[in-house]
>>> print(open('protein09.cif').read())   # mmCIF, C-alpha atoms and all ligand atoms
data_protein
loop_
_atom_site.group_PDB
_atom_site.id
_atom_site.type_symbol
_atom_site.label_atom_id
_atom_site.label_comp_id
_atom_site.auth_asym_id
_atom_site.auth_seq_id
_atom_site.Cartn_x
_atom_site.Cartn_y
_atom_site.Cartn_z
ATOM 1 C CA MET A 1 85.305 118.491 102.490
ATOM 2 C CA VAL A 2 86.243 115.150 101.026
ATOM 3 C CA ALA A 3 83.497 113.292 99.270
ATOM 4 C CA GLY A 4 83.328 109.978 101.131
ATOM 5 C CA VAL A 5 80.291 108.042 99.994
ATOM 6 C CA SER A 6 77.770 108.029 102.833
ATOM 7 C CA GLY A 7 78.129 105.030 105.170
ATOM 8 C CA GLU A 8 81.691 104.308 104.069
ATOM 9 C CA THR A 9 84.645 104.714 106.375
ATOM 10 C CA PRO A 10 87.000 107.268 104.854
ATOM 11 C CA CYS A 11 90.489 105.955 104.109
ATOM 12 C CA PRO A 12 92.642 107.012 107.093
ATOM 13 C CA ARG A 13 95.476 107.618 104.662
ATOM 14 C CA CYS A 14 93.928 109.694 101.864
ATOM 15 C CA ALA A 15 90.380 110.363 103.178
ATOM 16 C CA ALA A 16 88.718 108.953 100.044
ATOM 17 C CA GLY A 17 85.790 106.568 100.371
ATOM 18 C CA SER A 18 86.382 102.875 100.916
ATOM 19 C CA ARG A 19 84.930 99.515 100.026
ATOM 20 C CA PHE A 20 84.149 96.873 102.674
ATOM 21 C CA LEU A 21 86.256 93.738 102.117
ATOM 22 C CA LEU A 22 85.543 91.362 105.002
ATOM 23 C CA ARG A 23 85.211 90.812 108.737
ATOM 24 C CA PRO A 24 88.468 89.146 109.758
ATOM 25 C CA ARG A 25 88.775 86.374 112.339
ATOM 26 C CA ASP A 26 91.088 87.039 115.244
ATOM 27 C CA ARG A 27 93.931 84.714 116.226
ATOM 28 C CA MET A 28 91.551 82.435 118.107
ATOM 29 C CA GLY A 29 89.342 82.105 115.031
ATOM 30 C CA GLU A 30 86.561 84.279 116.485
ATOM 31 C CA VAL A 31 84.729 86.779 114.316
ATOM 32 C CA LEU A 32 85.279 90.276 115.642
ATOM 33 C CA ALA A 33 81.800 91.631 115.127
ATOM 34 C CA VAL A 34 82.700 95.304 115.014
ATOM 35 C CA VAL A 35 85.988 95.028 113.121
ATOM 36 C CA ARG A 36 86.118 95.325 109.346
ATOM 37 C CA VAL A 37 88.801 95.375 106.691
ATOM 38 C CA CYS A 38 88.168 98.024 104.045
ATOM 39 C CA ARG A 39 89.986 99.135 100.932
ATOM 40 C CA SER A 40 90.431 102.735 99.861
ATOM 41 C CA ARG A 41 88.728 103.560 96.571
ATOM 42 C CA ALA A 42 91.492 106.042 95.753
ATOM 43 C CA CYS A 43 94.894 104.833 96.987
ATOM 44 C CA GLY A 44 93.917 101.146 97.192
ATOM 45 C CA VAL A 45 95.429 100.717 100.660
ATOM 46 C CA GLY A 46 93.507 98.320 102.880
ATOM 47 C CA PHE A 47 92.931 99.176 106.521
ATOM 48 C CA THR A 48 91.471 97.724 109.706
ATOM 49 C CA ASP A 49 88.492 99.708 110.931
ATOM 50 C CA PRO A 50 88.421 100.731 113.707
ATOM 51 C CA ALA A 51 92.172 101.116 114.138
ATOM 52 C CA PRO A 52 93.715 98.473 116.406
ATOM 53 C CA PHE A 53 94.513 100.088 119.730
ATOM 54 C CA ARG A 54 97.552 97.932 120.309
ATOM 55 C CA LEU A 55 99.649 98.341 117.207
ATOM 56 C CA ALA A 56 102.988 96.988 118.358
ATOM 57 C CA ALA A 57 103.868 93.505 117.233
ATOM 58 C CA ALA A 58 103.605 91.021 120.075
ATOM 59 C CA PRO A 59 106.834 89.354 121.072
ATOM 60 C CA ALA A 60 107.442 86.356 118.872
ATOM 61 C CA ALA A 61 108.095 82.887 120.174
ATOM 62 C CA ALA A 62 110.685 82.719 122.927
ATOM 63 C CA PRO A 63 114.222 82.188 121.676
ATOM 64 C CA GLY A 64 115.051 78.585 120.975
ATOM 65 C CA ARG A 65 118.120 76.593 121.796
ATOM 66 C CA GLU A 66 121.427 77.558 120.239
ATOM 67 C CA VAL A 67 121.157 74.919 117.501
ATOM 68 C CA GLU A 68 117.714 76.224 116.481
ATOM 69 C CA ASP A 69 118.995 79.805 116.520
ATOM 70 C CA ARG A 70 121.950 78.871 114.298
ATOM 71 C CA LEU A 71 119.611 77.212 111.826
ATOM 72 C CA ALA A 72 117.250 80.222 111.910
ATOM 73 C CA ALA A 73 120.236 82.538 111.322
ATOM 74 C CA ARG A 74 121.171 80.589 108.183
ATOM 75 C CA VAL A 75 117.625 80.827 106.863
ATOM 76 C CA VAL A 76 117.538 84.569 107.601
ATOM 77 C CA ALA A 77 120.937 85.105 105.947
ATOM 78 C CA ALA A 78 119.766 83.329 102.787
ATOM 79 C CA GLY A 79 116.629 85.485 102.731
ATOM 80 C CA LEU A 80 118.669 88.690 103.114
ATOM 81 C CA ARG A 81 121.342 87.834 100.536
ATOM 82 C CA ARG A 82 119.992 90.066 97.781
ATOM 83 C CA PHE A 83 119.436 93.000 100.151
ATOM 84 C CA MET A 84 122.978 92.669 101.503
ATOM 85 C CA GLY A 85 124.273 92.468 97.936
ATOM 86 C CA ARG A 86 122.939 95.972 97.265
ATOM 87 C CA LEU A 87 124.800 97.528 100.211
ATOM 88 C CA PRO A 88 128.372 98.837 100.394
ATOM 89 C CA ALA A 89 130.769 96.685 102.433
ATOM 90 C CA ARG A 90 130.703 97.738 106.108
ATOM 91 C CA GLY A 91 127.759 100.033 105.351
ATOM 92 C CA LEU A 92 125.412 101.326 108.052
ATOM 93 C CA VAL A 93 122.169 99.328 108.192
ATOM 94 C CA VAL A 94 119.095 99.964 110.327
ATOM 95 C CA ASP A 95 116.728 97.157 111.254
ATOM 96 C CA ALA A 96 113.561 99.076 112.107
ATOM 97 C CA GLY A 97 111.346 96.918 114.294
ATOM 98 C CA ALA A 98 114.166 94.489 114.980
ATOM 99 C CA GLY A 99 112.153 92.091 117.149
ATOM 100 C CA SER A 100 114.408 89.604 118.897
ATOM 101 C CA GLY A 101 117.413 90.857 116.915
ATOM 102 C CA LEU A 102 118.180 87.839 114.734
ATOM 103 C CA ARG A 103 118.256 89.792 111.446
ATOM 104 C CA ALA A 104 120.452 92.472 113.032
ATOM 105 C CA ARG A 105 122.870 89.833 114.276
ATOM 106 C CA VAL A 106 123.057 88.237 110.837
ATOM 107 C CA LEU A 107 123.766 91.643 109.263
ATOM 108 C CA ALA A 108 126.552 92.283 111.792
ATOM 109 C CA GLU A 109 128.024 88.845 111.105
ATOM 110 C CA HIS A 110 128.203 89.881 107.446
ATOM 111 C CA GLY A 111 130.327 92.889 108.338
ATOM 112 C CA PHE A 112 127.712 95.642 108.376
ATOM 113 C CA ARG A 113 127.465 98.281 111.090
ATOM 114 C CA VAL A 114 123.977 97.817 112.493
ATOM 115 C CA VAL A 115 121.478 99.887 114.434
ATOM 116 C CA ALA A 116 118.518 97.809 115.669
ATOM 117 C CA VAL A 117 115.520 99.793 116.874
ATOM 118 C CA GLU A 118 112.663 98.026 118.644
ATOM 119 C CA PRO A 119 109.871 99.714 120.613
ATOM 120 C CA ASP A 120 108.755 96.673 122.632
ATOM 121 C CA PRO A 121 110.775 96.353 125.896
ATOM 122 C CA VAL A 122 110.573 92.530 125.991
ATOM 123 C CA GLU A 123 111.844 92.228 122.419
ATOM 124 C CA GLU A 124 114.464 94.892 123.000
ATOM 125 C CA ALA A 125 115.834 92.913 125.973
ATOM 126 C CA ARG A 126 115.957 89.781 123.788
ATOM 127 C CA ALA A 127 117.748 91.713 121.083
ATOM 128 C CA HIS A 128 120.411 92.800 123.595
ATOM 129 C CA ALA A 129 120.864 89.166 124.658
ATOM 130 C CA MET A 130 121.051 88.092 120.998
ATOM 131 C CA MET A 131 124.189 90.237 120.533
ATOM 132 C CA ALA A 132 126.073 88.713 123.498
ATOM 133 C CA ALA A 133 128.379 86.657 121.259
ATOM 134 C CA LEU A 134 129.295 89.605 119.022
ATOM 135 C CA PRO A 135 132.116 92.088 119.637
ATOM 136 C CA PRO A 136 130.849 94.949 121.826
ATOM 137 C CA GLY A 137 129.222 97.703 119.769
ATOM 138 C CA ALA A 138 128.761 95.545 116.656
ATOM 139 C CA VAL A 139 125.016 96.172 116.920
ATOM 140 C CA GLU A 140 123.558 99.242 118.574
ATOM 141 C CA VAL A 141 120.219 98.153 120.105
ATOM 142 C CA VAL A 142 117.896 101.060 120.878
ATOM 143 C CA ARG A 143 114.372 101.012 122.303
ATOM 144 C CA ALA A 144 112.673 103.266 119.782
ATOM 145 C CA GLY A 145 110.120 103.330 117.015
ATOM 146 C CA VAL A 146 110.297 104.186 113.330
ATOM 147 C CA SER A 147 109.373 107.828 113.988
ATOM 148 C CA ASP A 148 112.403 108.149 116.307
ATOM 149 C CA LEU A 149 114.924 107.176 113.610
ATOM 150 C CA PRO A 150 116.176 110.704 112.879
ATOM 151 C CA ALA A 151 116.948 111.208 116.600
ATOM 152 C CA VAL A 152 118.507 107.748 116.980
ATOM 153 C CA LEU A 153 120.811 108.224 113.991
ATOM 154 C CA ALA A 154 121.680 111.773 115.072
ATOM 155 C CA GLY A 155 122.819 112.981 111.674
ATOM 156 C CA ARG A 156 124.220 109.667 110.400
ATOM 157 C CA ARG A 157 122.755 108.406 107.101
ATOM 158 C CA ALA A 158 121.877 104.747 106.626
ATOM 159 C CA ASP A 159 123.013 102.811 103.555
ATOM 160 C CA GLY A 160 120.150 100.403 104.103
ATOM 161 C CA VAL A 161 116.986 100.059 106.154
ATOM 162 C CA LEU A 162 115.106 96.824 106.760
ATOM 163 C CA LEU A 163 111.415 97.027 107.567
ATOM 164 C CA TRP A 164 110.409 93.411 108.096
ATOM 165 C CA HIS A 165 106.703 92.952 108.871
ATOM 166 C CA VAL A 166 106.549 96.378 110.507
ATOM 167 C CA LEU A 167 104.867 98.677 107.983
ATOM 168 C CA GLU A 168 101.444 97.093 108.532
ATOM 169 C CA HIS A 169 101.649 98.029 112.235
ATOM 170 C CA LEU A 170 102.467 101.726 111.907
ATOM 171 C CA HIS A 171 99.919 104.221 113.139
ATOM 172 C CA ASP A 172 100.727 106.619 110.290
ATOM 173 C CA ILE A 173 102.115 104.754 107.290
ATOM 174 C CA ASP A 174 103.193 107.904 105.407
ATOM 175 C CA ALA A 175 104.887 109.520 108.405
ATOM 176 C CA GLY A 176 106.730 106.251 109.101
ATOM 177 C CA LEU A 177 108.043 105.931 105.549
ATOM 178 C CA GLY A 178 108.894 109.637 105.560
ATOM 179 C CA SER A 179 110.967 109.139 108.703
ATOM 180 C CA ILE A 180 112.846 106.284 107.015
ATOM 181 C CA ALA A 181 113.371 108.207 103.786
ATOM 182 C CA SER A 182 114.838 111.083 105.812
ATOM 183 C CA VAL A 183 117.611 108.907 107.292
ATOM 184 C CA LEU A 184 118.545 107.042 104.096
ATOM 185 C CA ALA A 185 121.705 108.173 102.340
ATOM 186 C CA PRO A 186 121.170 109.241 98.712
ATOM 187 C CA GLY A 187 120.844 105.962 96.811
ATOM 188 C CA GLY A 188 120.289 104.095 100.079
ATOM 189 C CA VAL A 189 118.149 100.962 99.991
ATOM 190 C CA LEU A 190 114.933 100.179 101.849
ATOM 191 C CA GLN A 191 113.723 96.615 101.939
ATOM 192 C CA VAL A 192 110.207 96.093 103.212
ATOM 193 C CA ALA A 193 108.213 92.903 103.739
ATOM 194 C CA VAL A 194 104.488 92.797 104.479
ATOM 195 C CA PRO A 195 101.748 90.164 104.352
ATOM 196 C CA ASN A 196 100.320 90.037 100.824
ATOM 197 C CA ARG A 197 96.610 90.857 100.852
ATOM 198 C CA ALA A 198 96.361 89.595 97.253
ATOM 199 C CA SER A 199 98.038 86.261 97.953
ATOM 200 C CA ALA A 200 96.581 82.895 97.031
ATOM 201 C CA GLU A 201 96.409 81.985 100.698
ATOM 202 C CA ALA A 202 94.551 85.209 101.630
ATOM 203 C CA ARG A 203 91.945 84.235 99.044
ATOM 204 C CA ALA A 204 91.863 80.621 100.089
ATOM 205 C CA PHE A 205 91.473 81.313 103.807
ATOM 206 C CA GLY A 206 89.347 84.470 103.467
ATOM 207 C CA PRO A 207 88.511 85.920 106.900
ATOM 208 C CA ARG A 208 90.642 83.206 108.555
ATOM 209 C CA TRP A 209 93.865 84.289 106.838
ATOM 210 C CA HIS A 210 96.543 84.839 109.494
ATOM 211 C CA GLY A 211 97.883 87.906 107.715
ATOM 212 C CA TRP A 212 94.860 90.058 108.579
ATOM 213 C CA GLU A 213 95.778 89.926 112.265
ATOM 214 C CA PRO A 214 93.134 92.572 113.002
ATOM 215 C CA ALA A 215 94.231 93.183 116.601
ATOM 216 C CA ARG A 216 97.591 94.497 115.403
ATOM 217 C CA HIS A 217 97.629 95.187 111.669
ATOM 218 C CA ARG A 218 96.356 98.614 110.706
ATOM 219 C CA TRP A 219 97.279 98.327 106.999
ATOM 220 C CA HIS A 220 96.684 95.604 104.392
ATOM 221 C CA LEU A 221 98.716 95.963 101.237
ATOM 222 C CA ASP A 222 98.946 94.399 97.820
ATOM 223 C CA GLY A 223 101.640 95.115 95.230
ATOM 224 C CA GLU A 224 99.871 98.134 93.769
ATOM 225 C CA SER A 225 99.174 99.880 97.060
ATOM 226 C CA LEU A 226 102.643 99.124 98.435
ATOM 227 C CA ARG A 227 104.081 100.755 95.322
ATOM 228 C CA ILE A 228 101.854 103.787 95.938
ATOM 229 C CA VAL A 229 102.902 104.332 99.556
ATOM 230 C CA LEU A 230 106.605 103.876 98.761
ATOM 231 C CA GLY A 231 106.328 106.330 95.869
ATOM 232 C CA ALA A 232 104.522 108.840 98.088
ATOM 233 C CA ALA A 233 107.557 108.809 100.411
ATOM 234 C CA GLY A 234 109.787 109.717 97.449
ATOM 235 C CA LEU A 235 111.315 106.242 97.192
ATOM 236 C CA ALA A 236 111.968 104.665 93.797
ATOM 237 C CA VAL A 237 110.765 101.050 93.718
ATOM 238 C CA GLU A 238 113.386 98.767 92.138
ATOM 239 C CA ASP A 239 111.601 95.518 92.535
ATOM 240 C CA LEU A 240 108.461 94.279 94.145
ATOM 241 C CA GLY A 241 107.029 90.809 94.294
ATOM 242 C CA THR A 242 106.666 87.729 96.396
ATOM 243 C CA ARG A 243 110.060 86.244 95.577
ATOM 244 C CA GLY A 244 112.114 87.844 98.332
ATOM 245 C CA GLY A 245 112.880 86.027 101.541
ATOM 246 C CA TRP A 246 111.452 82.599 102.114
ATOM 247 C CA GLY A 247 107.797 83.256 101.564
ATOM 248 C CA TYR A 248 105.713 83.300 104.693
ATOM 249 C CA PRO A 249 105.444 79.694 105.897
ATOM 250 C CA SER A 250 104.437 80.683 109.433
ATOM 251 C CA GLY A 251 101.513 82.724 108.080
ATOM 252 C CA LEU A 252 100.389 79.729 106.063
ATOM 253 C CA ALA A 253 100.864 77.399 109.038
ATOM 254 C CA PHE A 254 98.840 79.529 111.446
ATOM 255 C CA SER A 255 96.092 80.113 108.881
ATOM 256 C CA MET A 256 95.720 76.325 108.756
ATOM 257 C CA ALA A 257 96.187 75.688 112.459
ATOM 258 C CA PRO A 258 95.552 78.829 114.564
ATOM 259 C CA GLY A 259 96.017 76.812 117.769
ATOM 260 C CA LEU A 260 99.709 76.296 116.955
ATOM 261 C CA ASP A 261 100.425 80.035 116.828
ATOM 262 C CA PRO A 262 102.909 80.620 119.676
ATOM 263 C CA GLN A 263 101.200 83.919 120.442
ATOM 264 C CA VAL A 264 97.966 82.015 121.078
ATOM 265 C CA ASN A 265 99.484 78.980 122.700
ATOM 266 C CA PRO A 266 103.166 79.318 123.731
ATOM 267 C CA ARG A 267 103.296 75.686 124.896
ATOM 268 C CA ARG A 268 102.719 74.464 121.353
ATOM 269 C CA ALA A 269 105.369 76.729 119.824
ATOM 270 C CA LEU A 270 107.544 73.784 118.827
ATOM 271 C CA ALA A 271 104.694 72.089 116.942
ATOM 272 C CA GLY A 272 103.961 75.427 115.246
ATOM 273 C CA ARG A 273 107.563 75.757 114.158
ATOM 274 C CA ALA A 274 107.584 72.196 112.878
ATOM 275 C CA LEU A 275 104.456 72.806 110.803
ATOM 276 C CA ALA A 276 105.901 76.077 109.438
ATOM 277 C CA ALA A 277 109.134 74.259 108.539
ATOM 278 C CA ALA A 278 107.149 71.523 106.782
ATOM 279 C CA LEU A 279 105.329 74.195 104.764
ATOM 280 C CA VAL A 280 108.500 75.970 103.569
ATOM 281 C CA PRO A 281 108.355 74.175 100.170
ATOM 282 C CA VAL A 282 104.685 75.130 99.742
ATOM 283 C CA ALA A 283 105.340 78.786 100.629
ATOM 284 C CA ALA A 284 108.420 78.793 98.387
ATOM 285 C CA ALA A 285 106.417 77.404 95.458
ATOM 286 C CA ALA A 286 103.611 79.931 96.044
ATOM 287 C CA ARG A 287 106.010 82.872 95.992
ATOM 288 C CA LEU A 288 107.267 81.813 92.546
ATOM 289 C CA THR A 289 103.734 82.194 91.171
ATOM 290 C CA GLY A 290 103.679 85.845 92.278
ATOM 291 C CA ARG A 291 100.807 85.054 94.655
ATOM 292 C CA GLY A 292 102.931 84.232 97.713
ATOM 293 C CA GLY A 293 101.890 85.198 101.206
ATOM 294 C CA GLN A 294 104.593 87.811 101.655
ATOM 295 C CA LEU A 295 105.351 90.847 99.522
ATOM 296 C CA VAL A 296 108.925 92.080 99.451
ATOM 297 C CA ALA A 297 109.796 95.443 97.917
ATOM 298 C CA THR A 298 113.170 97.060 97.409
ATOM 299 C CA ALA A 299 113.219 100.832 96.957
ATOM 300 C CA ARG A 300 115.952 103.426 96.809
ATOM 301 C CA SER A 301 116.249 106.937 98.087
ATOM 302 C CA VAL A 302 116.561 109.142 95.005
ATOM 303 C CA PRO A 303 119.872 111.037 95.020
ATOM 304 C CA GLY A 304 119.760 114.805 94.842
HETATM 305 ZN ZN ZN B 1 93.635 105.933 100.788
#
>>> encode(input="protein09.cif", output="structure tokens")
Amino acid sequence: MVAGVSGETPCPRCAAGSRFLLRPRDRMGEVLAVVRVCRSRACGVGFTDPAPFRLAAAPAAAPGREVEDRLAARVVAAGLRRFMGRLPARGLVVDAGAGSGLRARVLAEHGFRVVAVEPDPVEEARAHAMMAALPPGAVEVVRAGVSDLPAVLAGRRADGVLLWHVLEHLHDIDAGLGSIASVLAPGGVLQVAVPNRASAEARAFGPRWHGWEPARHRWHLDGESLRIVLGAAGLAVEDLGTRGGWGYPSGLAFSMAPGLDPQVNPRRALAGRALAAALVPVAAAARLTGRGGQLVATARSVPG
């Protein structure tokens, strides 16, 4: 019997007691009266209580015009430069939770062999369409989740795995990371990005911070707790901070203006994108302070 203090929700990860943090607002800015964010007293992982029943990420904004997509691809490529620099040329890379497939396409355009897994059928269809201009077979798009990776790879080992704003959605965070660790080649690289619970913007916006996303995010991590869950999966953390990628300008934008979130209001998607673009310098400056809105960790599978 684990000693959870009476009245506290036990941590779904380690079963220790937890501390109440806040009642998050949903995407429309409403308080969800029965939903709380708590933090484990033992492992430090934050969690939404009760668990969201719809964990999959919603499809992002509909694909833009070709010129927008080309611009987005350049931004994504710049954000992935350091990850790609750690991989062998023509290595096998998995984008787990590939969404509309833009990252996978960028990886393929840089010469990597890519497997893109995406559980949502709408996103998976978009990812297929995203690869139309590539040579056939350059990216293998599979409708599957993180727990299916061993079956999808069928004995192949990945040189790299990308987990971009996916970890916070997983039903079982340890099983998900274990599945990834099992398909990484010895010395293979995992790069993971999550909203940063300890960011300046999370503090500034409090319950209104977009990163809580209580309808879909089960887990809320800071640097310490991300390090703990990666270590528990047997992965050696090489670096961890808010400097990777381009910060999280869309999170900042939709914390400020929830009505411009394309998932709330698809007809204002363009205005939302414009605001996010305008906030890129702010998000970029915040990430340099170590209190940026997005945490990026790089970890390696330990050989042997
Ligand atoms: Zn815990």
>>> closest_atom_pairs(input="protein09.cif", of="chain A", to="ligand ZN 1 (chain B)", cutoff="10 Å", atoms="all atoms listed in the file", output="Markdown table")
| residue | atom | partner | partner_atom | distance |
| --- | --- | --- | --- | --- |
| A:Pro10 | CA | B:ZN1 | ZN | 7.9 |
| A:Cys11 | CA | B:ZN1 | ZN | 4.6 |
| A:Pro12 | CA | B:ZN1 | ZN | 6.5 |
| A:Arg13 | CA | B:ZN1 | ZN | 4.6 |
| A:Cys14 | CA | B:ZN1 | ZN | 3.9 |
| A:Ala15 | CA | B:ZN1 | ZN | 6.0 |
| A:Ala16 | CA | B:ZN1 | ZN | 5.8 |
| A:Gly17 | CA | B:ZN1 | ZN | 7.9 |
| A:Ser18 | CA | B:ZN1 | ZN | 7.9 |
| A:Arg39 | CA | B:ZN1 | ZN | 7.7 |
| A:Ser40 | CA | B:ZN1 | ZN | 4.6 |
| A:Arg41 | CA | B:ZN1 | ZN | 6.9 |
| A:Ala42 | CA | B:ZN1 | ZN | 5.5 |
| A:Cys43 | CA | B:ZN1 | ZN | 4.2 |
| A:Gly44 | CA | B:ZN1 | ZN | 6.0 |
| A:Val45 | CA | B:ZN1 | ZN | 5.5 |
| A:Gly46 | CA | B:ZN1 | ZN | 7.9 |
| A:Phe47 | CA | B:ZN1 | ZN | 8.9 |
| A:Ser225 | CA | B:ZN1 | ZN | 9.0 |
| A:Ile228 | CA | B:ZN1 | ZN | 9.8 |
| A:Val229 | CA | B:ZN1 | ZN | 9.5 |
>>> closest_residue(input="protein09.cif", among="A:Ala297, A:Ala133, A:Ile173, A:Ala127", to="Val161 (chain A)", atoms="only C-alpha atoms")
A:Ala297
>>> residues_around(input="protein09.cif", residues="His128 (chain A)", least_positions_apart="6", cutoff="12 Å", atoms="all atoms listed in the file", output="list in words")
Ala98, Gly99, Ser100, Gly101, Leu102, Ala104, Arg105, Val115, Ala116, Val117, Glu118, Pro121, Val122, Leu134, Pro136, Gly137, Ala138, Val139, Glu140, Val141, Val142 and Arg143 of chain A
>>> closest_residue(input="protein09.cif", among="A:Arg208, A:His217, A:Arg70, A:Arg156", to="Gly91 (chain A)", atoms="all atoms listed in the file")
A:Arg156
>>> atom_distance(input="protein09.cif", atom1="CA of Leu170 (chain A)", atom2="CA of Ala96 (chain A)")
11.4 Å
